[in-house]
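Written out below as structure tokens is the structure these notes cover.
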Amino acid sequence: MKTKIFFAAIGAALALTACDSAWTPALDGGRSGKVDPASLEVEVDDTEILLTRGAGDYNLADFTVKIFPKDSDTPVRTWTYAKTPEIFSLPVGDYRVDVVSHEVKKAAFAEPLYMGSAEFSIADSKITDIGTVNCTFRSIKVSVRFTDELRAVMGDDVKVTVVCNDDGRLEYTPSETRSGYYEAVAGSSTLAARFTGTVKGNAEDIHRVYTDAAAGQHRIITFGLRDSQLEPDPETGQIDPSQGINVSVDVDTEDISGSVDGGEDNLDPSDRPGHEDFVDPEDPDKPNPPTPGDDASEIKLDCPLDLSIRHEVNADNAAKSIVTITSKYGMTNLMVDISSTSEDFIDLLSTVGLATSFDIMHPGSCEEGLRTLGLLEGVEVGKCEVTFNVSTLIGLLGTFNGNDFDFRITATDEKGKSESETLMFHVN
């Protein structure tokens, strides 16, 4: 949908004493011209590249209008749309006008970003018509939905965390009806979704990674309940419910041509401990578990320490706190989630440039802290083997007596498969 707005509609209500009208240009030899904002037509195009087109979730009165000298990033005039003056003067020269819906944010609910620019020139003693500025949708829009069948059996702890552009992070709960809008950053096209929570009494922790995220897209991620149709155990006659709880994921996206690329994108539980022998009765290409030689994702996290128990913090265990992650396919994400019974330790993380959750392969604002601690050495998207030396973090724990510390590491490969392990420590 396109909305055309003419500044003349408000010109009569605004005097030359409007916002910023006291500004006097540094005239070149007295040569100047005037700009007639009534000629500035703002065209908002919200026909996003998405599955469902909305009516436009924006307030035109709050749009910001900025005037720049050509090839400069320092504005000489700035107003909100509602406070644009009738006519104003500028020195002779070339200019650019930018119109933007709001300041760019890494991620926010219900705040789509629209931007547009146009160039114009000021001639001596002339009134210039600026022309049309076409403001287009510049965000990556993400909607998260839950089917009624899944809602009926999931716990109150269910949430979906969606991360994009390295630093953009939003949490979607089942009660959240708004869409999230993420900044589209050049060179960062990965979007990751993580479903956590209880389904039929079983803890679910599912990761999914999507590539080629770009401005103008609308990714609709729908979580549902999938019936695995498992057979009863031949000895007990019972069905193990932990083997039959599978959360399905549908992702729909529409490209510029309007064709829909979507459909069932189910995640079977075979990449989680205890589910390796999962049989998919609905997939004719996977009637049985993979056998050696099959083209299956394989991710392993190995450590000299026993990952099934909690270890005391000491020099010997610190030296063994090295996790080697190997993958058959190149890795796209390496998430680290830190939890502790010590609030002081959680506060300490921010002072050393870290957070309680970060992606080592896309560190964002944590990059400086991770680099200082030597945690980025050898880490690169697409590698099949990465070493994460947790001992550098263990060195921070010594003074927090009587507390527990968990470092959960989740590796995801380019096929979307994930594996997790947790290093657990205690300080006496």
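To be explicit about the labels: the chains of the structure tokens are called A, B, and onward in the order shown, and within each one the residues are counted from 1, while ligands get numbers from 1 in the order they are shown.
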
Next item on the list: Would you list the contacts of Phe68 (chain A) as a ChimeraX atom specification, taking every protein, DNA or RNA residue within 9 Å and counting only C-alpha atoms, but skipping same-chain residues closer than 5 positions in sequence?
Entry: /A:73-77,94-98

Checklist line | Neighbour list for Val313 (chain A) as a list in words, cut-off 10 Å, only C-alpha atoms, skip fewer than 5 positions in-chain | finding: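 Once the nearby chain positions are removed, what remains is Ala318, Ile394, Gly395, Leu397, Gly398, Asn401, Asp404, Phe405, Met424, Phe425, His426, Val427 and Asn428 of chain A.
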
Store the residues picked out above, limited to N, CA and C atoms, as a short mmCIF file (atom, residue, chain, number, x, y, z; two decimals), in the first residue's frame.
data_model
loop_
_atom_site.label_atom_id
_atom_site.label_comp_id
_atom_site.auth_asym_id
_atom_site.auth_seq_id
_atom_site.Cartn_x
_atom_site.Cartn_y
_atom_site.Cartn_z
N ALA A 318 40.11 -26.27 35.81
CA ALA A 318 40.15 -25.13 34.90
C ALA A 318 40.96 -25.46 33.65
N ILE A 394 36.61 -19.49 33.80
CA ILE A 394 36.70 -20.12 35.12
C ILE A 394 37.56 -19.27 36.06
N GLY A 395 38.54 -18.57 35.48
CA GLY A 395 39.40 -17.73 36.30
C GLY A 395 38.67 -16.59 36.99
N LEU A 397 35.81 -17.00 38.62
CA LEU A 397 34.85 -17.55 39.58
C LEU A 397 35.37 -17.64 41.01
N GLY A 398 36.69 -17.58 41.21
CA GLY A 398 37.29 -17.94 42.48
C GLY A 398 36.75 -17.24 43.70
N ASN A 401 32.36 -17.63 46.49
CA ASN A 401 32.23 -18.87 47.27
C ASN A 401 30.77 -19.28 47.46
N ASP A 404 27.00 -21.79 42.30
CA ASP A 404 27.08 -22.66 41.14
C ASP A 404 27.13 -21.82 39.87
N PHE A 405 27.77 -22.40 38.84
CA PHE A 405 27.93 -21.71 37.57
C PHE A 405 27.75 -22.71 36.43
N MET A 424 29.42 -27.52 34.19
CA MET A 424 28.85 -27.12 35.49
C MET A 424 29.93 -27.07 36.55
N PHE A 425 29.95 -25.96 37.31
CA PHE A 425 30.99 -25.77 38.32
C PHE A 425 30.39 -25.29 39.64
N HIS A 426 31.17 -25.51 40.70
CA HIS A 426 30.79 -25.02 42.04
C HIS A 426 32.05 -24.49 42.71
N VAL A 427 31.89 -23.37 43.44
CA VAL A 427 32.99 -22.79 44.19
C VAL A 427 32.74 -23.00 45.68
N ASN A 428 33.66 -23.68 46.37
CA ASN A 428 33.52 -23.91 47.82
C ASN A 428 33.83 -22.63 48.58
#

Notebook entry, point to check: Contacts of Thr392 (chain A) at 8 Å or less, counting only C-alpha atoms, minus same-chain residues fewer than 3 places along, as a PyMOL selection string?
Noted result: chain A and resi 373-375+389+395-396

Given the selection you just returned, output its residues as a file containing N, CA and C atoms, formatted as an mmCIF file, in the first residue's frame.
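Saved the output as out31.cif:
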data_model
loop_
_atom_site.group_PDB
_atom_site.id
_atom_site.type_symbol
_atom_site.label_atom_id
_atom_site.label_comp_id
_atom_site.auth_asym_id
_atom_site.auth_seq_id
_atom_site.Cartn_x
_atom_site.Cartn_y
_atom_site.Cartn_z
ATOM 1 N N LEU A 373 39.439 -11.673 26.369
ATOM 2 C CA LEU A 373 39.574 -12.943 27.090
ATOM 3 C C LEU A 373 40.116 -14.062 26.205
ATOM 4 N N GLY A 374 40.408 -13.746 24.941
ATOM 5 C CA GLY A 374 40.963 -14.753 24.037
ATOM 6 C C GLY A 374 39.974 -15.784 23.560
ATOM 7 N N LEU A 375 38.680 -15.468 23.617
ATOM 8 C CA LEU A 375 37.658 -16.449 23.279
ATOM 9 C C LEU A 375 37.279 -16.452 21.804
ATOM 10 N N ASN A 389 37.779 -22.363 24.865
ATOM 11 C CA ASN A 389 38.548 -22.540 26.095
ATOM 12 C C ASN A 389 37.834 -21.848 27.248
ATOM 13 N N GLY A 395 38.542 -18.572 35.483
ATOM 14 C CA GLY A 395 39.403 -17.726 36.301
ATOM 15 C C GLY A 395 38.669 -16.587 36.986
ATOM 16 N N LEU A 396 37.436 -16.292 36.543
ATOM 17 C CA LEU A 396 36.658 -15.223 37.158
ATOM 18 C C LEU A 396 35.828 -15.690 38.355
#

Margin query: Using only C-alpha atoms, which protein or nucleic acid residues come within 6 Å of Gly364 (chain A)? Drop anything in the same chain fewer than 3 positions from it, and give the result as number ranges by chain.
Written below: A: 166-167, 367

Next, the residues of the selection above should be written as a compact mmCIF listing (two decimals), in the first residue's frame with all heavy atoms.
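So the final result, stored in out_22.txt, reads:
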# COMPACT_ATOMS: atom_id res chain seq x y z
N ASP A 166 23.12 -9.89 14.75
CA ASP A 166 24.08 -10.08 15.83
C ASP A 166 23.57 -9.57 17.18
O ASP A 166 23.61 -10.27 18.17
CB ASP A 166 25.43 -9.43 15.52
CG ASP A 166 26.04 -9.94 14.24
OD1 ASP A 166 25.65 -11.04 13.79
OD2 ASP A 166 26.90 -9.25 13.66
N ASP A 167 23.09 -8.32 17.23
CA ASP A 167 22.70 -7.72 18.50
C ASP A 167 21.19 -7.64 18.70
O ASP A 167 20.73 -7.41 19.82
CB ASP A 167 23.27 -6.30 18.61
CG ASP A 167 24.78 -6.28 18.74
OD1 ASP A 167 25.31 -7.24 19.31
OD2 ASP A 167 25.42 -5.33 18.25
N GLU A 367 32.01 -8.38 21.36
CA GLU A 367 33.24 -8.73 20.65
C GLU A 367 34.49 -8.30 21.41
O GLU A 367 35.44 -9.08 21.54
CB GLU A 367 33.23 -8.10 19.25
CG GLU A 367 34.50 -8.44 18.46
CD GLU A 367 34.43 -7.97 17.01
OE1 GLU A 367 33.38 -7.40 16.62
OE2 GLU A 367 35.41 -8.18 16.28

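Across the model, the gap from CA of Arg408 (chain A) to CA of Gly201 (chain A) is 21.9 Å.
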
Next item on the list: Return the single residue from A:Thr412, A:Thr211, A:Ser248, A:Ser342 that is closest to Lys300 (chain A), with distances computed using only C-alpha atoms.
Entry: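 Answer, going by the shortest atom-to-atom distance: A:Thr412.
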
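Around Asp148 (chain A), within 10 Å and counting only C-alpha atoms, the residues found are Phe223, Gly224 and Leu225 of chain A, once anything fewer than 6 positions away on its own chain is removed.
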
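Residues surrounding Ile206 (chain A) within 8 Å are A:Arg194, A:Phe195, A:Thr196, A:Leu267, A:Ser418 [only C-alpha atoms; sequence separation below 3 positions excluded].
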
Next item on the list: Would you mind listing what lies within 10 Å of Asp212 (chain A) as an MDAnalysis selection string, with only C-alpha atoms counted and same-chain residues fewer than 6 positions away left out?
Entry: chainID A and resid 187:191

Selection export as a compact mmCIF listing (two decimals), in the first residue's frame, atoms kept: all heavy atoms:
# COMPACT_ATOMS: atom_id res chain seq x y z
N GLY A 187 26.11 -7.61 5.55
CA GLY A 187 27.03 -8.67 5.94
C GLY A 187 26.52 -9.56 7.05
O GLY A 187 27.22 -10.47 7.49
N SER A 188 25.32 -9.30 7.57
CA SER A 188 24.75 -10.12 8.63
C SER A 188 23.36 -10.56 8.20
O SER A 188 22.38 -9.84 8.38
CB SER A 188 24.67 -9.33 9.95
OG SER A 188 24.07 -10.11 10.97
N SER A 189 23.28 -11.75 7.59
CA SER A 189 22.01 -12.20 7.01
C SER A 189 21.44 -13.41 7.71
O SER A 189 20.54 -14.06 7.21
CB SER A 189 22.23 -12.54 5.52
OG SER A 189 23.18 -13.59 5.38
N THR A 190 21.94 -13.72 8.91
CA THR A 190 21.48 -14.90 9.64
C THR A 190 20.42 -14.53 10.66
O THR A 190 20.56 -13.55 11.39
CB THR A 190 22.65 -15.60 10.35
OG1 THR A 190 23.62 -15.99 9.39
CG2 THR A 190 22.17 -16.84 11.10
N LEU A 191 19.36 -15.33 10.71
CA LEU A 191 18.29 -15.16 11.69
C LEU A 191 18.14 -16.49 12.41
O LEU A 191 18.01 -17.54 11.78
CB LEU A 191 17.01 -14.75 10.98
CG LEU A 191 15.78 -14.40 11.84
CD1 LEU A 191 14.93 -13.38 11.11
CD2 LEU A 191 14.94 -15.65 12.13

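As for CA of Phe388 (chain A) and CA of Ile325 (chain A), they are spaced 7.8 Å apart.
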
Checklist line | Distance of CA of Ile409 (chain A) from CA of Leu349 (chain A), expressed in Å to one decimal place | finding: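 These atoms are spaced 16.7 Å apart.
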
Check: Which is closer to Phe109 (chain A) than all the others in A:Tyr182, A:Phe345, A:Tyr329, A:Tyr210, using only C-alpha atoms?
Finding: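 Looking only at the distances to Phe109 (chain A), the closest residue turns out to be A:Tyr182.
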
Next item on the list: Check the DSSP output for the backbone and give back, as a ChimeraX atom specification, the residues of region 131-162 of chain A in alpha helix (DSSP H).
Entry: /A:148-151

Store the residues of this selection in a file with N, CA and C atoms, as an mmCIF file, in the first residue's frame.
data_model
loop_
_atom_site.group_PDB
_atom_site.id
_atom_site.type_symbol
_atom_site.label_atom_id
_atom_site.label_comp_id
_atom_site.auth_asym_id
_atom_site.auth_seq_id
_atom_site.Cartn_x
_atom_site.Cartn_y
_atom_site.Cartn_z
ATOM 1 N N ASP A 148 -3.141 -23.908 17.767
ATOM 2 C CA ASP A 148 -4.026 -24.192 18.900
ATOM 3 C C ASP A 148 -3.692 -25.537 19.530
ATOM 4 N N GLU A 149 -3.303 -26.515 18.705
ATOM 5 C CA GLU A 149 -2.960 -27.843 19.238
ATOM 6 C C GLU A 149 -1.757 -27.765 20.169
ATOM 7 N N LEU A 150 -0.760 -26.958 19.788
ATOM 8 C CA LEU A 150 0.411 -26.817 20.644
ATOM 9 C C LEU A 150 0.077 -26.033 21.906
ATOM 10 N N ARG A 151 -0.702 -24.976 21.761
ATOM 11 C CA ARG A 151 -1.069 -24.175 22.930
ATOM 12 C C ARG A 151 -1.766 -25.017 23.997
#

Note to self: I'd like to know which of A:Asn134, A:Asn317, A:Thr326, A:Thr78 is closest to Asp302 (chain A), using only C-alpha atoms.
What the structure shows: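 That would be A:Thr326, the residue with the smallest distance to Asp302 (chain A).
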
Next item on the list: Identify which of the residues A:Pro112, A:Val379, A:Leu348, A:Val160 lies closest to Ala184 (chain A), counting only C-alpha atoms when measuring atom-to-atom distances.
Entry: A:Pro112
